[in-house]
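S.K.: Enclosed is the structure file query_34.cif (mmCIF, C-alpha atoms and all ligand atoms).
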data_structure
loop_
_atom_site.label_atom_id
_atom_site.label_comp_id
_atom_site.auth_asym_id
_atom_site.auth_seq_id
_atom_site.Cartn_x
_atom_site.Cartn_y
_atom_site.Cartn_z
CA MET C 626 -16.60 -84.97 -4.54
CA SER C 627 -17.84 -84.65 -8.10
CA VAL C 628 -14.56 -84.66 -10.04
CA GLU C 629 -11.64 -86.95 -9.28
CA LEU C 630 -8.72 -84.59 -8.73
CA LYS C 631 -5.21 -85.95 -8.86
CA THR C 632 -2.77 -83.69 -7.06
CA LYS C 633 0.20 -85.10 -8.96
CA ASP C 634 -1.28 -83.67 -12.19
CA ILE C 635 -1.84 -80.19 -10.75
CA THR C 636 1.12 -77.82 -10.60
CA ILE C 637 0.78 -74.98 -8.12
CA GLY C 638 2.82 -71.78 -7.88
CA VAL C 639 3.50 -69.99 -4.58
CA ILE C 640 4.80 -66.41 -4.64
CA GLY C 641 6.68 -65.46 -1.50
CA LEU C 642 8.62 -67.91 0.65
CA GLY C 643 8.29 -66.10 3.95
CA LEU C 644 6.68 -67.60 7.05
CA MET C 645 3.43 -68.64 5.39
CA GLY C 646 4.61 -69.12 1.81
CA SER C 647 7.16 -71.74 2.82
CA SER C 648 4.72 -73.67 5.02
CA ILE C 649 2.15 -73.60 2.20
CA VAL C 650 4.79 -75.00 -0.19
CA THR C 651 5.44 -77.81 2.33
CA SER C 652 1.72 -78.55 2.65
CA LEU C 653 1.30 -78.74 -1.14
CA LEU C 654 4.36 -80.95 -1.59
CA ILE C 655 3.19 -83.50 0.99
CA SER C 656 -0.22 -83.48 -0.73
CA GLY C 657 1.47 -84.68 -3.93
CA HIS C 658 1.64 -81.49 -6.02
CA ARG C 659 4.45 -80.28 -8.18
CA VAL C 660 5.24 -76.81 -6.74
CA LYS C 661 6.87 -73.74 -8.27
CA GLY C 662 8.09 -71.43 -5.51
CA ILE C 663 8.84 -67.84 -6.50
CA ALA C 664 11.26 -65.92 -4.29
CA PRO C 665 10.61 -62.20 -4.80
CA LEU C 666 13.41 -61.14 -2.43
CA GLN C 667 16.97 -62.42 -2.06
CA GLU C 668 16.26 -63.45 1.55
CA ASP C 669 13.52 -65.82 0.33
CA MET C 670 16.07 -67.42 -1.99
CA GLU C 671 18.53 -67.77 0.91
CA GLU C 672 16.16 -68.87 3.68
CA GLY C 673 13.14 -70.41 1.90
CA PRO C 674 14.70 -73.75 0.82
CA SER C 675 16.16 -74.57 4.24
CA ARG C 676 12.88 -73.62 5.94
CA ILE C 677 10.99 -76.00 3.63
CA CYS C 678 13.53 -78.81 4.30
CA GLU C 679 13.14 -78.31 8.06
CA GLN C 680 9.37 -78.36 7.74
CA LEU C 681 9.45 -81.57 5.69
CA ALA C 682 11.56 -83.11 8.45
CA ILE C 683 8.93 -82.04 11.01
CA CYS C 684 6.25 -83.59 8.76
CA GLY C 685 8.29 -86.80 8.89
CA GLU C 686 8.26 -86.72 12.68
CA LEU C 687 4.50 -86.15 12.57
CA HIS C 688 4.06 -89.22 10.28
CA LEU C 689 2.67 -87.05 7.48
CA LEU C 690 5.04 -88.30 4.78
CA GLN C 691 4.47 -91.26 2.45
CA HIS C 692 7.75 -90.85 0.55
CA SER C 693 11.28 -89.73 1.27
CA ILE C 694 11.99 -86.02 1.81
CA LYS C 695 14.19 -86.20 -1.27
CA SER C 696 11.31 -87.31 -3.49
CA TYR C 697 9.14 -84.41 -2.28
CA LEU C 698 11.98 -81.97 -2.92
CA SER C 699 12.35 -83.33 -6.46
CA LYS C 700 8.90 -81.90 -7.20
CA LEU C 701 9.88 -78.40 -6.07
CA THR C 702 11.57 -75.67 -8.07
CA ILE C 703 12.48 -72.36 -6.50
CA SER C 704 13.30 -69.40 -8.66
CA GLU C 705 13.24 -65.61 -8.82
CA ASN C 706 11.81 -65.90 -12.32
CA TYR C 707 8.02 -65.59 -12.61
CA SER C 708 8.05 -67.34 -16.03
CA GLU C 709 8.34 -70.61 -14.06
CA LEU C 710 4.61 -70.19 -13.33
CA SER C 711 3.56 -70.66 -16.97
CA ASP C 712 2.27 -74.24 -16.49
CA CYS C 713 0.55 -73.70 -13.13
CA SER C 714 -3.18 -74.41 -12.76
CA LEU C 715 -3.28 -72.45 -9.50
CA VAL C 716 -1.05 -69.61 -8.30
CA LEU C 717 -1.06 -68.54 -4.65
CA GLU C 718 0.12 -65.04 -3.81
CA CYS C 719 1.65 -65.00 -0.35
CA VAL C 720 3.58 -61.74 -0.08
CA THR C 721 3.58 -59.11 2.60
CA GLU C 722 0.27 -57.44 3.53
CA ASN C 723 0.69 -54.33 1.39
CA ILE C 724 -1.78 -53.70 -1.41
CA GLU C 725 0.74 -51.93 -3.69
CA ILE C 726 3.20 -54.82 -3.39
CA LYS C 727 0.43 -57.35 -4.01
CA LYS C 728 -0.67 -55.37 -7.09
CA GLN C 729 2.87 -55.43 -8.53
CA VAL C 730 3.08 -59.17 -7.88
CA PHE C 731 -0.26 -59.78 -9.68
CA GLU C 732 1.06 -57.84 -12.70
CA LYS C 733 4.09 -60.12 -12.84
CA ILE C 734 1.91 -63.24 -12.50
CA LEU C 735 -0.44 -62.02 -15.26
CA GLY C 736 2.48 -61.57 -17.60
CA VAL C 737 3.25 -65.30 -17.57
CA VAL C 738 0.22 -67.46 -16.68
CA ASN C 739 -2.43 -69.03 -18.92
CA SER C 740 -6.01 -67.78 -19.15
CA TYR C 741 -7.17 -70.94 -17.31
CA THR C 742 -4.93 -70.34 -14.28
CA ILE C 743 -6.72 -69.62 -11.02
CA ILE C 744 -5.04 -66.90 -8.97
CA ALA C 745 -5.55 -66.74 -5.21
CA SER C 746 -4.40 -64.42 -2.45
CA ASN C 747 -3.56 -65.45 1.11
CA THR C 748 -4.42 -61.93 2.28
CA SER C 749 -5.72 -61.59 5.84
CA ALA C 750 -6.68 -57.95 5.59
CA ASN C 751 -7.56 -56.94 2.01
CA SER C 752 -10.92 -57.28 0.33
CA ILE C 753 -10.96 -59.99 -2.37
CA SER C 754 -13.39 -57.88 -4.44
CA GLU C 755 -10.83 -55.05 -4.42
CA LEU C 756 -7.83 -57.29 -5.20
CA GLN C 757 -9.61 -58.98 -8.10
CA LYS C 758 -9.84 -55.62 -9.90
CA PHE C 759 -6.09 -55.99 -10.53
CA VAL C 760 -6.37 -59.18 -12.62
CA HIS C 761 -7.51 -59.93 -16.19
CA HIS C 762 -9.89 -62.76 -15.30
CA PRO C 763 -11.53 -61.72 -12.01
CA GLU C 764 -13.88 -64.71 -12.22
CA ARG C 765 -10.79 -66.87 -11.71
CA PHE C 766 -9.54 -64.94 -8.67
CA LEU C 767 -10.36 -65.72 -5.04
CA GLY C 768 -9.02 -65.74 -1.48
CA ILE C 769 -7.42 -68.85 -0.02
CA HIS C 770 -6.59 -68.03 3.56
CA TRP C 771 -4.37 -70.58 5.25
CA ALA C 772 -3.66 -71.10 8.94
CA GLU C 773 -0.02 -71.20 10.03
CA PRO C 774 1.80 -73.63 9.98
CA ALA C 775 -0.02 -74.63 6.79
CA PHE C 776 1.32 -78.19 6.70
CA ALA C 777 -0.03 -79.00 10.17
CA THR C 778 -3.29 -77.02 10.51
CA ARG C 779 -6.68 -78.14 9.14
CA PHE C 780 -8.65 -74.91 8.70
CA LEU C 781 -8.66 -73.03 5.40
CA GLU C 782 -10.97 -70.25 4.23
CA ILE C 783 -11.97 -69.87 0.60
CA THR C 784 -13.45 -66.46 -0.11
CA CYS C 785 -15.22 -65.34 -3.28
CA GLY C 786 -15.03 -61.74 -4.40
CA GLU C 787 -17.97 -60.10 -6.18
CA GLN C 788 -16.80 -61.46 -9.54
CA THR C 789 -15.46 -64.91 -8.55
CA SER C 790 -17.16 -67.79 -10.37
CA HIS C 791 -18.64 -70.31 -7.98
CA SER C 792 -17.37 -73.21 -10.08
CA CYS C 793 -13.84 -71.93 -9.58
CA ALA C 794 -14.37 -71.72 -5.79
CA ASN C 795 -15.91 -75.20 -5.79
CA TRP C 796 -12.86 -76.61 -7.60
CA VAL C 797 -10.55 -75.15 -4.94
CA PHE C 798 -12.88 -76.40 -2.20
CA GLU C 799 -12.62 -79.95 -3.59
CA LEU C 800 -8.89 -79.68 -4.04
CA ALA C 801 -8.42 -78.46 -0.45
CA HIS C 802 -9.74 -81.79 0.84
CA HIS C 803 -6.71 -83.38 -0.86
CA TRP C 804 -4.55 -81.05 1.25
CA ASP C 805 -6.16 -82.64 4.34
CA LYS C 806 -8.03 -79.42 5.15
CA GLU C 807 -11.49 -78.72 6.51
CA PRO C 808 -12.23 -75.78 4.19
CA THR C 809 -15.03 -73.23 4.39
CA ILE C 810 -16.40 -71.23 1.47
CA LEU C 811 -17.51 -67.64 1.95
CA ARG C 812 -19.68 -66.78 -1.05
CA LYS C 813 -19.66 -63.12 -0.06
CA ASP C 814 -16.48 -61.21 0.60
CA ILE C 815 -17.18 -60.05 4.16
CA ARG C 816 -14.39 -58.09 5.82
CA GLY C 817 -12.24 -60.29 8.10
CA PHE C 818 -13.62 -63.48 6.53
CA ILE C 819 -14.80 -65.96 9.18
CA THR C 820 -11.72 -66.33 11.41
CA ASN C 821 -10.87 -62.71 11.93
CA ARG C 822 -14.50 -61.64 12.20
CA LEU C 823 -15.01 -64.02 15.13
CA MET C 824 -11.55 -63.85 16.71
CA TYR C 825 -11.41 -60.07 16.70
CA ALA C 826 -14.83 -59.85 18.38
CA MET C 827 -13.28 -61.92 21.19
CA TYR C 828 -10.02 -59.95 21.20
CA ARG C 829 -11.97 -56.70 21.56
CA GLU C 830 -13.92 -57.91 24.57
CA ALA C 831 -10.88 -59.51 26.26
CA LEU C 832 -8.64 -56.47 25.73
CA PHE C 833 -11.42 -54.15 26.90
CA LEU C 834 -11.63 -56.04 30.20
CA ILE C 835 -7.83 -56.09 30.54
CA ASP C 836 -7.57 -52.33 29.85
CA LYS C 837 -10.09 -51.74 32.64
CA ASN C 838 -8.06 -54.01 34.98
CA GLU C 839 -11.11 -56.17 35.48
CA VAL C 840 -9.42 -59.39 34.40
CA SER C 841 -5.79 -60.43 33.94
CA ILE C 842 -4.16 -61.65 30.73
CA GLU C 843 -3.44 -64.96 32.47
CA ASP C 844 -7.06 -65.47 33.50
CA VAL C 845 -8.37 -64.78 30.00
CA ASP C 846 -5.99 -67.43 28.67
CA LYS C 847 -7.07 -69.83 31.43
CA PHE C 848 -10.66 -69.45 30.29
CA PHE C 849 -9.75 -70.25 26.67
CA LYS C 850 -7.53 -73.19 27.59
CA TYR C 851 -9.62 -74.87 30.25
CA ASP C 852 -13.20 -73.83 29.54
CA ALA C 853 -13.66 -73.22 25.80
CA GLY C 854 -10.65 -75.45 25.13
CA SER C 855 -12.32 -78.42 26.78
CA TRP C 856 -15.20 -78.60 24.27
CA ILE C 857 -14.60 -76.33 21.31
CA THR C 858 -12.74 -78.76 19.04
CA LEU C 859 -15.34 -81.42 19.76
CA MET C 860 -18.50 -79.48 18.97
CA GLY C 861 -17.96 -75.88 17.87
CA ILE C 862 -20.13 -73.23 19.51
CA PHE C 863 -23.58 -74.03 18.16
CA LYS C 864 -23.67 -77.73 19.02
CA ARG C 865 -22.44 -76.63 22.43
CA MET C 866 -25.48 -74.33 22.74
CA ASP C 867 -27.81 -77.20 21.80
CA PHE C 868 -25.96 -79.39 24.26
CA MET C 869 -26.54 -76.92 27.10
CA GLY C 870 -30.21 -76.33 26.19
CA LEU C 871 -30.93 -73.10 24.37
CA ASN C 872 -33.31 -71.32 26.71
CA GLY C 873 -30.71 -70.15 29.25
CA TYR C 874 -28.77 -68.35 26.53
CA LEU C 875 -31.69 -66.07 25.67
CA GLU C 876 -31.81 -64.46 29.06
CA ILE C 877 -28.05 -64.04 29.19
CA PHE C 878 -28.00 -62.48 25.70
CA ASN C 879 -30.57 -59.95 26.87
CA THR C 880 -28.69 -58.96 30.01
CA LEU C 881 -25.10 -59.28 28.74
CA PHE C 882 -25.17 -57.85 25.21
CA PRO C 883 -25.68 -54.25 26.39
CA LYS C 884 -22.58 -54.62 28.60
CA LEU C 885 -20.22 -55.84 25.87
CA CYS C 886 -17.62 -53.57 24.36
CA ASN C 887 -18.54 -52.00 21.02
CA ALA C 888 -15.68 -49.47 20.88
CA ASP C 889 -14.05 -48.62 17.53
CA ASP C 890 -10.69 -47.60 19.00
CA VAL C 891 -7.79 -49.95 19.63
CA SER C 892 -7.12 -51.20 23.16
CA ARG C 893 -4.66 -49.23 25.29
CA ILE C 894 -2.43 -52.17 26.18
CA MET C 895 -2.10 -53.11 22.50
CA GLN C 896 -1.13 -49.57 21.56
CA GLN C 897 1.52 -49.50 24.30
CA LYS C 898 3.01 -52.84 23.31
CA VAL C 899 3.16 -52.03 19.60
CA LEU C 900 4.73 -48.63 20.36
CA ILE C 901 7.71 -50.34 22.04
CA ASN C 902 7.91 -52.86 19.14
CA ALA C 903 6.97 -55.81 21.35
CA ARG C 904 6.30 -58.66 18.92
CA GLY C 905 5.96 -61.57 21.32
CA THR C 906 7.76 -64.71 20.23
CA GLN C 907 8.66 -62.99 16.94
CA SER C 908 10.83 -60.34 18.63
CA PRO C 909 14.44 -61.12 19.61
CA GLU C 910 13.84 -59.88 23.17
CA GLY C 911 10.76 -62.10 23.55
CA GLU C 912 8.76 -59.09 24.72
CA GLY C 913 5.02 -59.40 24.17
CA LEU C 914 1.89 -59.67 26.29
CA TYR C 915 4.03 -62.22 28.14
CA LYS C 916 7.84 -62.34 28.28
CA TYR C 917 9.77 -65.27 26.71
CA THR C 918 13.31 -66.56 26.87
CA ALA C 919 14.85 -67.84 23.62
CA GLU C 920 14.40 -71.40 24.88
CA GLU C 921 10.74 -70.80 25.67
CA VAL C 922 10.21 -69.45 22.14
CA LYS C 923 11.71 -72.63 20.70
CA ASN C 924 9.61 -74.83 22.99
CA TRP C 925 6.39 -72.99 22.16
CA ASN C 926 7.05 -73.23 18.42
CA GLU C 927 7.59 -76.98 18.67
CA ALA C 928 4.66 -77.48 21.01
CA PHE C 929 2.37 -75.56 18.68
CA VAL C 930 3.03 -77.83 15.70
CA LEU C 931 2.78 -81.03 17.76
CA PHE C 932 -0.35 -79.91 19.56
CA ASN C 933 -2.06 -79.13 16.25
CA GLN C 934 -1.48 -82.70 15.13
CA ASP C 935 -2.46 -84.23 18.49
CA ILE C 936 -5.70 -82.35 18.77
CA TYR C 937 -6.79 -83.26 15.23
CA GLN C 938 -5.95 -86.89 15.87
CA LEU C 939 -8.00 -86.74 19.06
CA ALA C 940 -10.92 -85.03 17.29
CA LYS C 941 -10.92 -87.79 14.64
CA LEU C 942 -11.91 -90.30 17.36
CA TYR C 943 -15.23 -88.49 17.84
CA PRO C 944 -18.21 -88.69 17.61
CA PHE C 945 -17.97 -92.12 19.13
CA ARG C 946 -17.96 -95.17 16.93
CA LYS C 947 -20.68 -97.70 17.59
CA GLY C 948 -19.84 -100.08 20.40
CA GLU C 949 -16.69 -98.22 21.35
CA LYS C 950 -15.75 -95.81 24.04
CA VAL C 951 -12.73 -93.63 24.69
CA THR C 952 -10.75 -94.64 27.73
CA ALA C 953 -8.63 -92.29 29.78
CA SER C 954 -5.61 -93.29 27.68
CA GLY C 955 -7.45 -92.33 24.49
CA ILE C 956 -7.72 -95.95 23.28
CA LEU C 957 -11.04 -97.07 21.90
CA SER C 958 -12.48 -100.18 23.49
CA ASP C 959 -15.75 -102.13 23.36
CA SER C 960 -18.67 -100.71 25.26
CA ASN C 961 -22.37 -100.06 24.86
CA LEU C 962 -21.99 -96.82 26.75
CA TYR C 963 -22.34 -94.45 23.82
CA GLN C 964 -24.54 -96.49 21.50
CA ASN C 965 -27.60 -94.46 22.34
CA LEU C 966 -25.92 -91.33 21.04
CA LEU C 967 -25.80 -92.65 17.49
N1 LIG C 1001 1.69 -65.42 9.18
C1 LIG C 1001 0.46 -65.86 9.31
O1 LIG C 1001 0.10 -66.50 10.30
C2 LIG C 1001 -0.54 -65.60 8.22
C3 LIG C 1001 -1.79 -66.28 8.27
C4 LIG C 1001 -2.70 -66.09 7.22
C5 LIG C 1001 -2.40 -65.23 6.18
N2 LIG C 1001 -1.18 -64.56 6.18
C6 LIG C 1001 -0.90 -63.68 5.05
O2 LIG C 1001 0.12 -64.25 4.22
C7 LIG C 1001 0.85 -63.20 3.57
C8 LIG C 1001 2.33 -63.37 3.86
O3 LIG C 1001 2.51 -63.32 5.25
P1 LIG C 1001 3.79 -63.95 5.99
O4 LIG C 1001 3.41 -64.12 7.40
O5 LIG C 1001 4.31 -65.09 5.21
O6 LIG C 1001 4.83 -62.74 5.88
P2 LIG C 1001 6.43 -62.78 5.83
O7 LIG C 1001 6.85 -61.43 6.29
O8 LIG C 1001 6.98 -63.96 6.53
O9 LIG C 1001 6.76 -62.93 4.28
C9 LIG C 1001 6.49 -61.86 3.41
C10 LIG C 1001 6.77 -62.25 1.99
O10 LIG C 1001 6.55 -61.10 1.18
C11 LIG C 1001 7.61 -60.97 0.27
N3 LIG C 1001 7.85 -59.56 -0.03
C12 LIG C 1001 8.24 -58.59 0.84
N4 LIG C 1001 8.43 -57.44 0.18
C13 LIG C 1001 8.16 -57.69 -1.12
C14 LIG C 1001 8.17 -56.90 -2.29
N5 LIG C 1001 8.50 -55.61 -2.27
N6 LIG C 1001 7.83 -57.48 -3.47
C15 LIG C 1001 7.48 -58.80 -3.51
N7 LIG C 1001 7.46 -59.58 -2.43
C16 LIG C 1001 7.79 -59.05 -1.25
C17 LIG C 1001 8.82 -61.56 0.95
O11 LIG C 1001 9.72 -61.99 -0.03
C18 LIG C 1001 8.21 -62.70 1.75
O12 LIG C 1001 8.18 -63.87 0.97
C19 LIG C 1001 0.29 -61.88 4.08
O13 LIG C 1001 -0.71 -61.42 3.19
C20 LIG C 1001 -0.36 -62.31 5.42
O14 LIG C 1001 -1.39 -61.45 5.83
C21 LIG C 1001 -0.25 -64.75 7.16
#
Go ahead and express the file in the form of structure tokens.

M.R.:
Amino acid sequence: MSVELKTKDITIGVIGLGLMGSSIVTSLLISGHRVKGIAPLQEDMEEGPSRICEQLAICGELHLLQHSIKSYLSKLTISENYSELSDCSLVLECVTENIEIKKQVFEKILGVVNSYTIIASNTSANSISELQKFVHHPERFLGIHWAEPAFATRFLEITCGEQTSHSCANWVFELAHHWDKEPTILRKDIRGFITNRLMYAMYREALFLIDKNEVSIEDVDKFFKYDAGSWITLMGIFKRMDFMGLNGYLEIFNTLFPKLCNADDVSRIMQQKVLINARGTQSPEGEGLYKYTAEEVKNWNEAFVLFNQDIYQLAKLYPFRKGEKVTASGILSDSNLYQNLL
């Protein structure tokens, strides 16, 4: 990294203390920042602080804390008043996915921040080039797209709009390493960024096959868990292709591509589920593509956070260190077995 960044000297504002906003606040606090949380709605004021405390406690259980929870909380202020943002170097907008609401929030931010402040949106669905038309210094506006729960996940997408300065994106890219992230930079504002572009291509194909009753929901998930899941965190998809030898893929591309779904309309099962307000683990009835009891919802939420940590810890052990091998228990021990791979 070219410039030594000290998180303790960089104050960051987060607007919106909903699901993502609060977990972003937690991530920034444990990375050493002073954080100004803005609660646009009363419910954020009521629920945000306790959510952040609970998340800090989870971080403690995950061994992510170097100080007491109290000392992290001493670096956090939560307010309804946007003027708190006046000394922030970076402000993250994290309000509901509605362009009019985001526009109003940007106006309030612009009324109080300095000309040097970088403003970022956590939008999943809006174009950064469109959003940056709402701000005074579009060269200092970009997308920072976090993965939930932000304090436990490693992936983060930085997206430039048409007018974003690359030096500004590079600064955020460097800073994100201090948040323990593996960030990507998209220099061009493609719709869906990287995650949604790739995930939604998979969702379309999977839902297409389910709509046609050719595969079951359970079997699709089995494929992801036990096939893709057994190598994807180790090598991504392109090293995997190299690993398998490339030639076989060419023939399959030629025969399979014409069979894949390229429909523009939304899958039937999704339309039916959304019509009855099935929101999976987010709905009180636990009605989704699967059905959940309240206890199962709690267990899945806990498992999700723990699994995120476990899988990143496991991935850190690879590629193999010289003279060491991974045993069944995950402990590295001496061996010449993998030396030739290095
Ligand atoms: N949840 C995720 O997994 C996830 C992942 C990546 C990006 N995002 C994005 O993050 C943003 C926030 O999503 P979330 O999941 O935290 O949503 P959420 O529903 O949990 O929180 C929404 C936030 O918007 C604020 N808000 C609602 N109405 C408002 C208004 N009229 N004026 C100002 N603020 C208002 C609320 O106070 C709340 O803080 C969205 O843009 C979403 O697309 C979410």

S.K.: For ligand LIG 1001 (chain C), list the contacting residues at 8 Å or closer, counting all atoms listed in the file, as JSON, numbers by chain.

M.R.: {"C": [640, 641, 642, 643, 644, 645, 646, 647, 664, 665, 666, 667, 668, 669, 718, 719, 720, 721, 722, 723, 726, 727, 729, 730, 746, 747, 748, 749, 750, 770, 771, 772, 773, 774]}

S.K.: For the point (-12.1, -59.6, 29.7) in the file's frame, write as a VMD selection string all residues with an atom no more than 12 Å away, counting only C-alpha atoms.

M.R.: chain C and resid 826 to 849 884 to 886 892

S.K.: For each of C:Thr784, C:Asn926, C:Asn872, C:Asn879, take the minimum atom-to-atom distance to C:Asp814, counting all atoms listed in the file, then give the residue where this is smallest.

M.R.: C:Thr784

S.K.: For C:Thr858, list every protein, DNA or RNA residue within 9 Å, evaluated using all atoms listed in the file, and leave out those in the same chain fewer than 4 positions away; present the list as a count of residues only.

M.R.: 5

S.K.: Could you pull the residues within 12 Å of stretch 733-743 of chain C, counting only C-alpha atoms, minus those fewer than 3 positions along the same chain, as a PDB file with C-alpha atoms, keeping the file's coordinate frame?

M.R.:
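Produced file around_7.pdb, reproduced below:
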ATOM      1  CA  ILE C 635      -1.840 -80.190 -10.750  1.00  0.00           C
ATOM      2  CA  THR C 636       1.120 -77.820 -10.600  1.00  0.00           C
ATOM      3  CA  ILE C 637       0.780 -74.980  -8.120  1.00  0.00           C
ATOM      4  CA  GLY C 638       2.820 -71.780  -7.880  1.00  0.00           C
ATOM      5  CA  VAL C 639       3.500 -69.990  -4.580  1.00  0.00           C
ATOM      6  CA  ILE C 640       4.800 -66.410  -4.640  1.00  0.00           C
ATOM      7  CA  ILE C 663       8.840 -67.840  -6.500  1.00  0.00           C
ATOM      8  CA  PRO C 665      10.610 -62.200  -4.800  1.00  0.00           C
ATOM      9  CA  GLU C 705      13.240 -65.610  -8.820  1.00  0.00           C
ATOM     10  CA  ASN C 706      11.810 -65.900 -12.320  1.00  0.00           C
ATOM     11  CA  TYR C 707       8.020 -65.590 -12.610  1.00  0.00           C
ATOM     12  CA  SER C 708       8.050 -67.340 -16.030  1.00  0.00           C
ATOM     13  CA  GLU C 709       8.340 -70.610 -14.060  1.00  0.00           C
ATOM     14  CA  LEU C 710       4.610 -70.190 -13.330  1.00  0.00           C
ATOM     15  CA  SER C 711       3.560 -70.660 -16.970  1.00  0.00           C
ATOM     16  CA  ASP C 712       2.270 -74.240 -16.490  1.00  0.00           C
ATOM     17  CA  CYS C 713       0.550 -73.700 -13.130  1.00  0.00           C
ATOM     18  CA  SER C 714      -3.180 -74.410 -12.760  1.00  0.00           C
ATOM     19  CA  LEU C 715      -3.280 -72.450  -9.500  1.00  0.00           C
ATOM     20  CA  VAL C 716      -1.050 -69.610  -8.300  1.00  0.00           C
ATOM     21  CA  LEU C 717      -1.060 -68.540  -4.650  1.00  0.00           C
ATOM     22  CA  GLU C 718       0.120 -65.040  -3.810  1.00  0.00           C
ATOM     23  CA  ILE C 726       3.200 -54.820  -3.390  1.00  0.00           C
ATOM     24  CA  LYS C 727       0.430 -57.350  -4.010  1.00  0.00           C
ATOM     25  CA  LYS C 728      -0.670 -55.370  -7.090  1.00  0.00           C
ATOM     26  CA  GLN C 729       2.870 -55.430  -8.530  1.00  0.00           C
ATOM     27  CA  VAL C 730       3.080 -59.170  -7.880  1.00  0.00           C
ATOM     28  CA  SER C 746      -4.400 -64.420  -2.450  1.00  0.00           C
ATOM     29  CA  GLN C 757      -9.610 -58.980  -8.100  1.00  0.00           C
ATOM     30  CA  PHE C 759      -6.090 -55.990 -10.530  1.00  0.00           C
ATOM     31  CA  VAL C 760      -6.370 -59.180 -12.620  1.00  0.00           C
ATOM     32  CA  HIS C 761      -7.510 -59.930 -16.190  1.00  0.00           C
ATOM     33  CA  HIS C 762      -9.890 -62.760 -15.300  1.00  0.00           C
ATOM     34  CA  PRO C 763     -11.530 -61.720 -12.010  1.00  0.00           C
ATOM     35  CA  GLU C 764     -13.880 -64.710 -12.220  1.00  0.00           C
ATOM     36  CA  ARG C 765     -10.790 -66.870 -11.710  1.00  0.00           C
ATOM     37  CA  PHE C 766      -9.540 -64.940  -8.670  1.00  0.00           C
ATOM     38  CA  LEU C 767     -10.360 -65.720  -5.040  1.00  0.00           C
ATOM     39  CA  GLY C 768      -9.020 -65.740  -1.480  1.00  0.00           C
ATOM     40  CA  ILE C 769      -7.420 -68.850  -0.020  1.00  0.00           C
ATOM     41  CA  THR C 789     -15.460 -64.910  -8.550  1.00  0.00           C
ATOM     42  CA  SER C 790     -17.160 -67.790 -10.370  1.00  0.00           C
ATOM     43  CA  SER C 792     -17.370 -73.210 -10.080  1.00  0.00           C
ATOM     44  CA  CYS C 793     -13.840 -71.930  -9.580  1.00  0.00           C
ATOM     45  CA  ALA C 794     -14.370 -71.720  -5.790  1.00  0.00           C
ATOM     46  CA  ASN C 795     -15.910 -75.200  -5.790  1.00  0.00           C
ATOM     47  CA  TRP C 796     -12.860 -76.610  -7.600  1.00  0.00           C
ATOM     48  CA  VAL C 797     -10.550 -75.150  -4.940  1.00  0.00           C
TER      49      VAL C 797
END

S.K.: What separation in Å, quoted to one decimal, exists between atom CA of C:Glu732 and atom CA of C:Lys700?

M.R.: 25.9 Å

S.K.: Can you write stretch 916-933 of chain C from the block above with C-alpha atoms, as a tab-separated table (two decimals), in the first residue's frame?

M.R.:
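Final file, result.tsv:
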chain	number	residue	atom	x	y	z
C	916	LYS	CA	-40.18	-23.20	5.76
C	917	TYR	CA	-38.50	-22.25	9.08
C	918	THR	CA	-39.47	-22.37	12.72
C	919	ALA	CA	-38.42	-19.41	14.90
C	920	GLU	CA	-35.70	-21.59	16.43
C	921	GLU	CA	-34.38	-22.58	13.02
C	922	VAL	CA	-34.20	-18.88	12.03
C	923	LYS	CA	-32.12	-18.16	15.13
C	924	ASN	CA	-29.85	-21.15	14.48
C	925	TRP	CA	-29.31	-20.21	10.83
C	926	ASN	CA	-28.48	-16.61	11.73
C	927	GLU	CA	-25.88	-17.76	14.25
C	928	ALA	CA	-24.50	-20.44	11.95
C	929	PHE	CA	-24.14	-17.94	9.13
C	930	VAL	CA	-21.90	-15.59	11.12
C	931	LEU	CA	-19.78	-18.42	12.56
C	932	PHE	CA	-19.44	-20.18	9.23
C	933	ASN	CA	-18.22	-16.98	7.58
